[in-house]
Amino acid sequence: MNFKKILLFSSVLILISNQIYSQEFSDGNISGNFQFEAQTYKADSIIGAPAVDEQLLSNAYLNLIYRTSKFEAGLRYENYLNPILGFDTRYKGQGISYRYATYNADFIDITVGDFYEQFGSGMIFRAYEERALGFDNAVDGIKIKARPSEGVEITGLIGKQRYFWNKGDGIIRGGNIDIMVNSLFENLLPESFGLTLGGSVVSRFQEDLDPKYKLPENVLAYSTRLGLTTSDLNLDIEYGYKYNDPNSGNKYNYNPGQGLIITSSYSGDGFGLVLSAHRLDNMDFRGDRNARGNELAVNFIPPLSKQHVYALAAVYPFATKPNGEAGVQAEMTFKLPKKTWLGGKWGTAVNINFSAVNSIDTTRTSQYRYDSPFFSVGDRLYFRDINIDLTRRITDDFKLGVTYLNMIYDKDIMENEGAPLFGKVYSNILILDGTFKINDEHSIRIEAQHLWSTQDSAIVENDNINGNWAHLLAEYTIAPNWFFSVYDQYNYGNAAEENQVHYLNGSIAYLTGSTRVQLSYGRQRGGIICVGGICRAVPASNGFYLSVSSSF
């Protein structure tokens, strides 16, 4: 769909709404945002960067939203000509990928068209977008939210999921109820104590056209949850169950799925503690039984690991394995008192994090069945991360952060579907991050990182993330508009001498109001990028990168 059709669609939608609800819609306004990314590609055989016929690839997005007090309508135009490397080539093209209209009454909201939604933690249903990863499982259909009384919200929906420029075969139907007991029953509980209850049900319908298997056409999942809060303590528990759902991801087994997620937190007097655990078995839920990777995910379960932002700390990211894992995570934050030997003049902020994820214990009973005791943990370690972060102001103008990580990463499980090729990676990472404030407008930040990873030094075809890495970054800021940075990543410990190369990159960014423009040039290493537990492969590249974003 071209730009003229987009403007025509917007004009007609607004005109119709004004004609029908002219009195209520007189206070309407239009808002939106725009994002454009373009990258040039130069063949670089040393880092494995491929040649690109087009020489320049780009992704672009434009959101338009029209709002009044009781009505909202919007659309998103997307342009992939052609998609930046690392994005699925099935996005190639342009058009309106997302459009909706919502009417808000006193106790009911009705949405038609595309929408995002989440039930509870997302264990059995989460529709959302992660643009940096090319992930979008929006549902196209009808969603109704009702609030029959104070403290009660009921949601019902039906539709089909986005599948690039098409829709998935499966029909998704769901319902959810959230009850805030304190609001529903006043004075039942103390003011400092909060209780929430919730329940969800989701089903997928897909015709069985496979002559080899007798596959269920309707797959049902449900979950129940409970939340408790006090002045300094929070506890959330959710249990989910999914009826047998043989699919390509679980190798067509007929076991039901089960999941349990527990999250608790405590905060008070400068101290914080978060404890989490989950156990998942056969909980990969798709809108199409043949979908793989990031295609048509109905649910999403966040990983039990810290989401690192530093470059070398993110070389080995972990993503949840919903078909079988048991994990725990603990994070503690506190501050060493100021004017002490340990805390220094201004005090020292401390963050300690631990996470570990194992397989679950399974015993095969037939070709398509297995036993798995719910509270039994398997003996294969998928991932473990122990890290500590210290931040201290050294002088009035200088702040220093020190981070250390000790990580174990089962590369076969994460990147090779369990086939024995890489083995486990044992890494240690040290990061120094210092910021010096020159004056109110000028500052410079120096970031030094080192990753020791001798166990990942075998020469494997198309795998350049091997051995030790060093990373050095310098960033100069002229507030509030200009940002200049240059960095070098050096894979000096690679087992293949020809891969012991520098990844040098420079960047300039300009920010004014809600508009940001960035231009960079250099090499980018190949690997895996993850945001919130969703990952995609990023091929090595060498060239210019331009990013423009704005909102209005």
# chains A, B, ... in the order shown; residues from 1 in each chain; ligands from 1
call {"tool": "residues_around", "arguments": {"residues": "segment 314-325 of chain A", "least_positions_apart": "3", "cutoff": "9 Å", "atoms": "only C-alpha atoms", "output": "VMD selection string"}}
result
chain A and resid 249 to 250 257 259 278 to 285 300 to 311 357 to 361 377 to 378 382 to 383 407 to 409 411 414 425 465 527 to 530 532 to 535
call {"tool": "residues_around", "arguments": {"residues": "segment 211-213 of chain A", "least_positions_apart": "4", "cutoff": "12 Å", "atoms": "only C-alpha atoms", "output": "number ranges by chain"}}
result
A: 207, 217, 245-248, 251-254, 289, 368
call {"tool": "write_last_selection", "arguments": {"atoms": "N, CA, C and O atoms", "output": "PDB file, in the first residue's frame"}}
result
ATOM      1  N   GLU A 207      -6.708 -26.520  11.767  1.00  0.00           N
ATOM      2  CA  GLU A 207      -7.117 -27.777  11.135  1.00  0.00           C
ATOM      3  C   GLU A 207      -5.966 -28.770  11.091  1.00  0.00           C
ATOM      4  O   GLU A 207      -4.805 -28.393  10.948  1.00  0.00           O
ATOM      5  N   GLU A 217      -6.989 -30.398  17.014  1.00  0.00           N
ATOM      6  CA  GLU A 217      -7.247 -29.140  16.307  1.00  0.00           C
ATOM      7  C   GLU A 217      -7.461 -27.987  17.283  1.00  0.00           C
ATOM      8  O   GLU A 217      -7.145 -26.843  16.976  1.00  0.00           O
ATOM      9  N   ASP A 245      -0.104 -30.778  22.848  1.00  0.00           N
ATOM     10  CA  ASP A 245       0.041 -29.912  21.675  1.00  0.00           C
ATOM     11  C   ASP A 245       1.243 -30.389  20.856  1.00  0.00           C
ATOM     12  O   ASP A 245       2.293 -29.740  20.832  1.00  0.00           O
ATOM     13  N   PRO A 246       1.134 -31.523  20.193  1.00  0.00           N
ATOM     14  CA  PRO A 246       2.264 -31.997  19.379  1.00  0.00           C
ATOM     15  C   PRO A 246       2.584 -31.007  18.264  1.00  0.00           C
ATOM     16  O   PRO A 246       1.694 -30.605  17.514  1.00  0.00           O
ATOM     17  N   ASN A 247       3.848 -30.593  18.194  1.00  0.00           N
ATOM     18  CA  ASN A 247       4.254 -29.602  17.202  1.00  0.00           C
ATOM     19  C   ASN A 247       5.720 -29.805  16.841  1.00  0.00           C
ATOM     20  O   ASN A 247       6.420 -30.627  17.436  1.00  0.00           O
ATOM     21  N   SER A 248       6.188 -29.036  15.885  1.00  0.00           N
ATOM     22  CA  SER A 248       7.561 -29.219  15.416  1.00  0.00           C
ATOM     23  C   SER A 248       8.576 -28.868  16.494  1.00  0.00           C
ATOM     24  O   SER A 248       9.673 -29.438  16.530  1.00  0.00           O
ATOM     25  N   LYS A 251       8.933 -31.870  18.888  1.00  0.00           N
ATOM     26  CA  LYS A 251       9.121 -33.119  18.146  1.00  0.00           C
ATOM     27  C   LYS A 251       7.865 -33.994  18.207  1.00  0.00           C
ATOM     28  O   LYS A 251       7.932 -35.216  18.273  1.00  0.00           O
ATOM     29  N   TYR A 252       6.718 -33.327  18.217  1.00  0.00           N
ATOM     30  CA  TYR A 252       5.403 -33.969  18.133  1.00  0.00           C
ATOM     31  C   TYR A 252       5.148 -34.945  19.278  1.00  0.00           C
ATOM     32  O   TYR A 252       4.594 -36.016  19.086  1.00  0.00           O
ATOM     33  N   ASN A 253       5.548 -34.556  20.499  1.00  0.00           N
ATOM     34  CA  ASN A 253       5.176 -35.385  21.644  1.00  0.00           C
ATOM     35  C   ASN A 253       3.793 -34.970  22.141  1.00  0.00           C
ATOM     36  O   ASN A 253       3.344 -33.850  21.931  1.00  0.00           O
ATOM     37  N   TYR A 254       3.118 -35.902  22.808  1.00  0.00           N
ATOM     38  CA  TYR A 254       1.730 -35.703  23.237  1.00  0.00           C
ATOM     39  C   TYR A 254       1.623 -35.421  24.731  1.00  0.00           C
ATOM     40  O   TYR A 254       0.544 -35.520  25.308  1.00  0.00           O
ATOM     41  N   ARG A 289       1.241 -25.055  14.571  1.00  0.00           N
ATOM     42  CA  ARG A 289       2.016 -26.169  15.127  1.00  0.00           C
ATOM     43  C   ARG A 289       3.332 -26.404  14.391  1.00  0.00           C
ATOM     44  O   ARG A 289       4.214 -27.096  14.897  1.00  0.00           O
ATOM     45  N   TYR A 368       6.255 -40.949  21.694  1.00  0.00           N
ATOM     46  CA  TYR A 368       5.716 -39.607  21.798  1.00  0.00           C
ATOM     47  C   TYR A 368       5.296 -39.244  23.221  1.00  0.00           C
ATOM     48  O   TYR A 368       4.498 -38.324  23.427  1.00  0.00           O
TER      49      TYR A 368
END
